[in-house]
$ cat data17.pdb   # PDB, C-alpha atoms and all ligand atoms
ATOM      1  CA  MET N   1       0.000   0.000   0.000
ATOM      2  CA  THR N   2       1.306   3.463  -0.836
ATOM      3  CA  ALA N   3       1.800   5.788   2.122
ATOM      4  CA  PRO N   4      -0.893   8.458   2.550
ATOM      5  CA  HIS N   5      -0.038  11.939   1.353
ATOM      6  CA  LEU N   6       1.448  14.323   3.879
ATOM      7  CA  SER N   7      -1.014  16.858   5.283
ATOM      8  CA  LEU N   8      -0.710  20.561   4.469
ATOM      9  CA  ALA N   9       0.549  21.168   8.033
ATOM     10  CA  GLU N  10       3.280  18.557   7.506
ATOM     11  CA  LEU N  11       4.222  20.231   4.214
ATOM     12  CA  LYS N  12       4.469  23.618   5.915
ATOM     13  CA  ALA N  13       6.872  22.150   8.456
ATOM     14  CA  LEU N  14       9.169  21.103   5.567
ATOM     15  CA  VAL N  15       9.663  24.708   4.359
ATOM     16  CA  ARG N  16      12.860  26.255   5.764
ATOM     17  CA  THR N  17      12.725  29.888   6.849
ATOM     18  CA  VAL N  18      15.989  31.808   6.429
ATOM     19  CA  PRO N  19      15.973  35.271   8.049
ATOM     20  CA  ASP N  20      17.546  38.286   6.321
ATOM     21  CA  PHE N  21      17.920  36.728   2.843
ATOM     22  CA  PRO N  22      18.469  38.151   0.254
ATOM     23  CA  LYS N  23      18.476  41.318   2.382
ATOM     24  CA  ALA N  24      17.828  42.411   5.966
ATOM     25  CA  GLY N  25      14.225  42.083   7.115
ATOM     26  CA  ILE N  26      13.140  39.458   4.543
ATOM     27  CA  GLN N  27      12.143  36.022   5.818
ATOM     28  CA  PHE N  28      13.080  33.809   2.881
ATOM     29  CA  ARG N  29      10.745  30.803   2.600
ATOM     30  CA  ASP N  30      13.073  28.181   1.141
ATOM     31  CA  ILE N  31      11.456  25.218  -0.635
ATOM     32  CA  THR N  32      14.790  23.368  -1.036
ATOM     33  CA  THR N  33      13.981  21.322   2.066
ATOM     34  CA  LEU N  34      10.447  20.569   0.833
ATOM     35  CA  ILE N  35      11.471  19.333  -2.620
ATOM     36  CA  GLY N  36      14.379  17.358  -1.178
ATOM     37  CA  HIS N  37      11.865  15.304   0.803
ATOM     38  CA  HIS N  38      10.366  12.765  -1.599
ATOM     39  CA  ARG N  39       6.964  12.524   0.055
ATOM     40  CA  GLY N  40       6.913  16.281   0.605
ATOM     41  CA  MET N  41       7.451  16.902  -3.101
ATOM     42  CA  ALA N  42       4.966  14.201  -4.116
ATOM     43  CA  ALA N  43       2.271  15.534  -1.796
ATOM     44  CA  SER N  44       2.814  19.137  -2.928
ATOM     45  CA  VAL N  45       2.426  18.074  -6.569
ATOM     46  CA  HIS N  46      -0.617  15.931  -5.709
ATOM     47  CA  HIS N  47      -2.388  18.835  -3.962
ATOM     48  CA  LEU N  48      -1.536  21.314  -6.750
ATOM     49  CA  ALA N  49      -2.597  18.856  -9.471
ATOM     50  CA  THR N  50      -5.953  18.291  -7.753
ATOM     51  CA  LEU N  51      -6.571  22.060  -7.795
ATOM     52  CA  ALA N  52      -5.391  22.441 -11.411
ATOM     53  CA  LYS N  53      -7.673  19.615 -12.539
ATOM     54  CA  ALA N  54     -10.644  21.183 -10.757
ATOM     55  CA  ALA N  55      -9.871  24.435 -12.610
ATOM     56  CA  GLY N  56     -10.082  22.598 -15.957
ATOM     57  CA  ALA N  57      -6.457  23.170 -16.972
ATOM     58  CA  ASP N  58      -5.571  22.467 -20.607
ATOM     59  CA  LYS N  59      -1.959  23.471 -19.908
ATOM     60  CA  ILE N  60       0.210  24.435 -16.960
ATOM     61  CA  ALA N  61       2.489  27.483 -17.059
ATOM     62  CA  GLY N  62       5.404  27.814 -14.638
ATOM     63  CA  MET N  63       7.556  30.831 -13.922
ATOM     64  CA  GLU N  64      11.340  30.538 -14.021
ATOM     65  CA  ALA N  65      12.867  29.065 -12.008
ATOM     66  CA  ARG N  66      11.063  27.520  -9.046
ATOM     67  CA  GLY N  67       7.747  27.482 -10.879
ATOM     68  CA  PHE N  68       9.339  25.013 -13.310
ATOM     69  CA  ILE N  69       9.903  22.479 -10.518
ATOM     70  CA  PHE N  70       6.298  22.306  -9.366
ATOM     71  CA  GLY N  71       4.577  23.275 -12.632
ATOM     72  CA  ALA N  72       6.280  20.658 -14.795
ATOM     73  CA  ALA N  73       5.516  17.913 -12.265
ATOM     74  CA  VAL N  74       1.850  18.976 -12.089
ATOM     75  CA  ALA N  75       1.608  18.932 -15.915
ATOM     76  CA  VAL N  76       3.047  15.401 -16.060
ATOM     77  CA  GLN N  77       0.676  14.232 -13.332
ATOM     78  CA  LEU N  78      -2.333  15.578 -15.277
ATOM     79  CA  GLY N  79      -1.083  14.395 -18.681
ATOM     80  CA  ILE N  80      -1.043  17.907 -20.182
ATOM     81  CA  GLY N  81       1.643  20.197 -21.609
ATOM     82  CA  PHE N  82       3.886  22.643 -19.764
ATOM     83  CA  VAL N  83       4.630  26.247 -20.781
ATOM     84  CA  PRO N  84       7.801  27.836 -19.393
ATOM     85  CA  VAL N  85       7.564  31.571 -18.685
ATOM     86  CA  ARG N  86      11.223  32.528 -18.968
ATOM     87  CA  LYS N  87      13.713  35.116 -17.885
ATOM     88  CA  PRO N  88      14.894  37.278 -20.820
ATOM     89  CA  GLY N  89      17.262  36.020 -23.486
ATOM     90  CA  LYS N  90      16.841  32.293 -22.809
ATOM     91  CA  LEU N  91      14.596  31.179 -25.659
ATOM     92  CA  PRO N  92      16.188  30.604 -29.097
ATOM     93  CA  ILE N  93      13.159  31.847 -31.056
ATOM     94  CA  LYS N  94      11.221  35.070 -31.568
ATOM     95  CA  THR N  95       9.484  35.622 -28.234
ATOM     96  CA  ILE N  96       6.799  37.841 -26.783
ATOM     97  CA  GLY N  97       7.807  39.631 -23.593
ATOM     98  CA  ILE N  98       6.611  41.890 -20.815
ATOM     99  CA  ASP N  99       8.501  44.338 -18.598
ATOM    100  CA  TYR N 100       7.212  44.749 -15.069
ATOM    101  CA  ALA N 101       8.113  46.842 -12.048
ATOM    102  CA  LEU N 102       9.851  45.431  -8.995
ATOM    103  CA  GLU N 103      10.276  47.164  -5.636
ATOM    104  CA  TYR N 104      13.642  48.406  -6.928
ATOM    105  CA  GLY N 105      13.976  48.528 -10.714
ATOM    106  CA  SER N 106      12.240  46.284 -13.223
ATOM    107  CA  ASP N 107      12.351  42.806 -14.680
ATOM    108  CA  ARG N 108      11.206  41.047 -17.837
ATOM    109  CA  LEU N 109       9.554  37.744 -18.711
ATOM    110  CA  GLU N 110       9.391  36.089 -22.135
ATOM    111  CA  MET N 111       7.614  33.148 -23.742
ATOM    112  CA  ASP N 112       7.129  31.348 -27.031
ATOM    113  CA  PRO N 113       3.992  32.895 -28.571
ATOM    114  CA  ASP N 114       3.100  29.495 -30.062
ATOM    115  CA  ALA N 115       3.260  27.667 -26.723
ATOM    116  CA  VAL N 116      -0.494  28.027 -26.198
ATOM    117  CA  GLU N 117      -3.427  27.811 -28.578
ATOM    118  CA  ALA N 118      -6.089  30.514 -28.564
ATOM    119  CA  GLY N 119      -8.756  29.717 -25.982
ATOM    120  CA  GLN N 120      -6.732  27.163 -24.025
ATOM    121  CA  LYS N 121      -7.188  27.325 -20.274
ATOM    122  CA  VAL N 122      -3.778  27.814 -18.705
ATOM    123  CA  VAL N 123      -3.283  27.426 -14.948
ATOM    124  CA  MET N 124      -0.179  29.147 -13.570
ATOM    125  CA  VAL N 125       2.000  27.459 -10.936
ATOM    126  CA  ASP N 126       4.795  29.022  -8.866
ATOM    127  CA  ASP N 127       6.425  28.327  -5.539
ATOM    128  CA  LEU N 128       5.394  31.533  -3.809
ATOM    129  CA  ILE N 129       3.236  34.629  -4.254
ATOM    130  CA  ALA N 130       4.379  37.804  -2.520
ATOM    131  CA  THR N 131       3.260  41.078  -4.194
ATOM    132  CA  GLY N 132       1.834  39.168  -7.150
ATOM    133  CA  GLY N 133       3.898  41.205  -9.642
ATOM    134  CA  THR N 134       5.496  38.161 -11.257
ATOM    135  CA  ALA N 135       2.207  36.286 -11.555
ATOM    136  CA  LEU N 136       0.324  39.305 -12.933
ATOM    137  CA  ALA N 137       2.974  39.896 -15.594
ATOM    138  CA  SER N 138       2.929  36.191 -16.502
ATOM    139  CA  ALA N 139      -0.856  36.223 -16.797
ATOM    140  CA  GLU N 140      -0.733  39.252 -19.080
ATOM    141  CA  LEU N 141       1.872  37.548 -21.265
ATOM    142  CA  LEU N 142      -0.101  34.294 -21.454
ATOM    143  CA  ARG N 143      -3.259  36.245 -22.297
ATOM    144  CA  THR N 144      -1.377  38.047 -25.081
ATOM    145  CA  ALA N 145      -0.529  34.602 -26.473
ATOM    146  CA  GLY N 146      -4.263  33.760 -26.485
ATOM    147  CA  ALA N 147      -4.618  31.797 -23.246
ATOM    148  CA  ILE N 148      -7.526  32.013 -20.828
ATOM    149  CA  VAL N 149      -5.958  32.594 -17.395
ATOM    150  CA  GLU N 150      -8.353  32.377 -14.466
ATOM    151  CA  GLN N 151      -6.445  30.355 -11.862
ATOM    152  CA  ALA N 152      -3.016  30.601 -10.238
ATOM    153  CA  LEU N 153      -1.628  28.036  -7.801
ATOM    154  CA  PHE N 154       1.201  28.466  -5.329
ATOM    155  CA  VAL N 155       2.838  26.342  -2.700
ATOM    156  CA  ILE N 156       3.172  29.412  -0.433
ATOM    157  CA  ASP N 157       1.133  32.618  -0.091
ATOM    158  CA  LEU N 158       2.370  35.641   1.858
ATOM    159  CA  PRO N 159      -1.078  37.254   2.235
ATOM    160  CA  ASP N 160       0.225  40.361   4.026
ATOM    161  CA  LEU N 161       1.876  41.412   0.737
ATOM    162  CA  GLY N 162      -1.481  41.451  -1.086
ATOM    163  CA  GLY N 163      -0.591  39.383  -4.162
ATOM    164  CA  ALA N 164      -3.678  37.184  -4.105
ATOM    165  CA  ALA N 165      -5.911  40.268  -3.824
ATOM    166  CA  ARG N 166      -4.154  41.897  -6.818
ATOM    167  CA  LEU N 167      -4.636  38.771  -8.929
ATOM    168  CA  LYS N 168      -8.294  38.563  -7.940
ATOM    169  CA  GLY N 169      -8.674  42.124  -9.281
ATOM    170  CA  ALA N 170      -7.360  40.837 -12.636
ATOM    171  CA  GLY N 171      -9.902  37.990 -12.713
ATOM    172  CA  ILE N 172      -7.523  35.322 -11.442
ATOM    173  CA  ALA N 173      -8.426  33.089  -8.498
ATOM    174  CA  VAL N 174      -5.540  32.148  -6.217
ATOM    175  CA  ASN N 175      -5.062  28.975  -4.209
ATOM    176  CA  ALA N 176      -2.031  28.154  -2.108
ATOM    177  CA  LEU N 177      -1.118  25.124  -0.028
ATOM    178  CA  MET N 178       0.020  27.218   2.937
ATOM    179  CA  GLU N 179       0.370  30.787   4.201
ATOM    180  CA  PHE N 180       3.052  32.573   6.203
ATOM    181  CA  GLU N 181       2.516  35.847   8.030
ATOM    182  CA  GLY N 182       4.695  38.866   7.257
ATOM    183  CA  ASP N 183       7.157  39.222   4.398
TER     184      ASP N 183
HETATM  185  P1  LIG J   1       6.129  38.599  -6.308
HETATM  186  O1  LIG J   1       6.323  38.928  -7.744
HETATM  187  O2  LIG J   1       6.342  39.791  -5.401
HETATM  188  O3  LIG J   1       4.825  37.889  -6.018
HETATM  189  O4  LIG J   1       7.324  37.625  -5.910
HETATM  190  C1  LIG J   1       7.255  36.322  -6.227
HETATM  191  C2  LIG J   1       8.576  35.695  -6.541
HETATM  192  O5  LIG J   1       9.634  36.123  -5.682
HETATM  193  C3  LIG J   1       8.381  34.225  -6.340
HETATM  194  O6  LIG J   1       8.675  33.604  -7.576
HETATM  195  C4  LIG J   1       9.313  33.838  -5.225
HETATM  196  O7  LIG J   1      10.123  32.805  -5.691
HETATM  197  C5  LIG J   1      10.130  35.078  -4.867
HETATM  198  N1  LIG J   1       9.948  35.514  -3.456
HETATM  199  C6  LIG J   1       9.416  36.697  -3.037
HETATM  200  N2  LIG J   1       9.408  36.800  -1.695
HETATM  201  C7  LIG J   1       9.934  35.657  -1.225
HETATM  202  C8  LIG J   1      10.185  35.123   0.111
HETATM  203  N3  LIG J   1       9.883  35.808   1.230
HETATM  204  N4  LIG J   1      10.723  33.895   0.211
HETATM  205  C9  LIG J   1      11.028  33.177  -0.919
HETATM  206  N5  LIG J   1      10.824  33.614  -2.174
HETATM  207  C10 LIG J   1      10.289  34.834  -2.345
END
$ encode --input "data17.pdb" --output "structure tokens"
Amino acid sequence: MTAPHLSLAELKALVRTVPDFPKAGIQFRDITTLIGHHRGMAASVHHLATLAKAAGADKIAGMEARGFIFGAAVAVQLGIGFVPVRKPGKLPIKTIGIDYALEYGSDRLEMDPDAVEAGQKVVMVDDLIATGGTALASAELLRTAGAIVEQALFVIDLPDLGGAARLKGAGIAVNALMEFEGD
């Protein structure tokens, strides 16, 4: 008999918190310890895949880099394709891209415009939502490519930073496996 999946509380206990990384005052929620635990990784993917299936996903999109880890595994579990939303300059083809503001400066995401078909339901997966800036930019990019984006899934939500509320305002429902207070 296969072992039962770990509970969400057990998964939360597998996330390592590193204070003052990458700068003073930030509590970095490190998933290295979660994905290094076989049953922790399997249960995280199981829970995310259940939510993605319920949302009617035709494809899963993951944001570079930690979104690739969970998103690709969810896509395999559901038997559907995976769309990488990439950092700039990585794809060898003509891409579509979006620039978005960070707390200090700006960043850019790119994707293959042919990675989704018009009208396909794409569910986004990432490790963590903080301000929601990355996820909002990804959704805009996927929508430009023709995708319907109505659901985003995360392992971790930092609700005090308001990301889930921002996504809701853009018509995107957010589910996360766990929450941490503060930033
Ligand atoms: P945001 O665009 O503000 O929602 O930030 C989300 C991205 O930044 C995610 O892809 C995370 O990997 C990373 N991130 C932001 N804050 C944290 C944190 N406290 N711990 C770990 N990763 C974080």
$ residues_near_point --input "data17.pdb" --point "(-5.7, 34.0, -4.4)" --cutoff "10 Å" --atoms "all atoms listed in the file" --output "number ranges by chain"
N: 129, 132, 151-154, 157, 159, 162-169, 172-176
$ residues_around --input "data17.pdb" --residues "region 98-101 of chain N" --least-positions-apart "3" --cutoff "9 Å" --atoms "only C-alpha atoms" --output "list in words"
Tyr104, Gly105, Ser106, Asp107, Arg108, Leu109, Glu110, Gly133, Thr134, Ala137, Ser138, Glu140 and Leu141 of chain N
$ closest_residue --input "data17.pdb" --among "N:Ala139, N:Ala145, N:Ala54, N:Ile60" --to "ligand LIG 1 (chain J)" --atoms "only C-alpha atoms and all ligand atoms"
N:Ala139
$ closest_residue --input "data17.pdb" --among "N:Gly81, N:Pro88, N:Gly56, N:Gly71" --to "Ala115 (chain N)" --atoms "only C-alpha atoms"
N:Gly81
$ residues_around --input "data17.pdb" --residues "Gly182 (chain N)" --least-positions-apart "6" --cutoff "12 Å" --atoms "all atoms listed in the file" --output "PyMOL selection string"
chain N and resi 19+25-29+130-131+157-162
$ closest_residue --input "data17.pdb" --among "N:Ala42, N:Met111, N:Met63, N:Ala118" --to "ligand LIG 1 (chain J)" --atoms "all atoms listed in the file"
N:Met63
$ atom_distance --input "data17.pdb" --atom1 "atom C4 of ligand LIG 1 (chain J)" --atom2 "CA of His38 (chain N)"
21.4 Å
$ atom_distance --input "data17.pdb" --atom1 "CA of Ile35 (chain N)" --atom2 "CA of Val116 (chain N)"
27.8 Å
$ resolve_selection --input "data17.pdb" --expression "the PyMOL selection byres (((chain N and resi 147) around 6) and not hetatm)" --output "list in words"
Ala118, Gly119, Gln120, Lys121, Leu142, Arg143, Ala145, Gly146 and Ile148 of chain N
$ resolve_selection --input "data17.pdb" --expression "the PyMOL selection byres (((chain N and resi 73) around 12) and not hetatm)" --output "ChimeraX atom specification"
/N:35,41-49,52,60-62,66-72,74-83,125-126
$ axis_aligned_box --input "data17.pdb" --around "ligand LIG 1 (chain J)" --padding-each-side "5 Å" --output "lines of an AutoDock Vina configuration file"
center_x = 7.9
center_y = 36.3
center_z = -3.3
size_x = 16.2
size_y = 17.0
size_z = 19.0
$ closest_residue --input "data17.pdb" --among "N:Ala55, N:Met178, N:Ile31, N:Leu91" --to "ligand LIG 1 (chain J)" --atoms "only C-alpha atoms and all ligand atoms"
N:Ile31
$ atom_distance --input "data17.pdb" --atom1 "CA of Arg86 (chain N)" --atom2 "CA of Val149 (chain N)"
17.3 Å
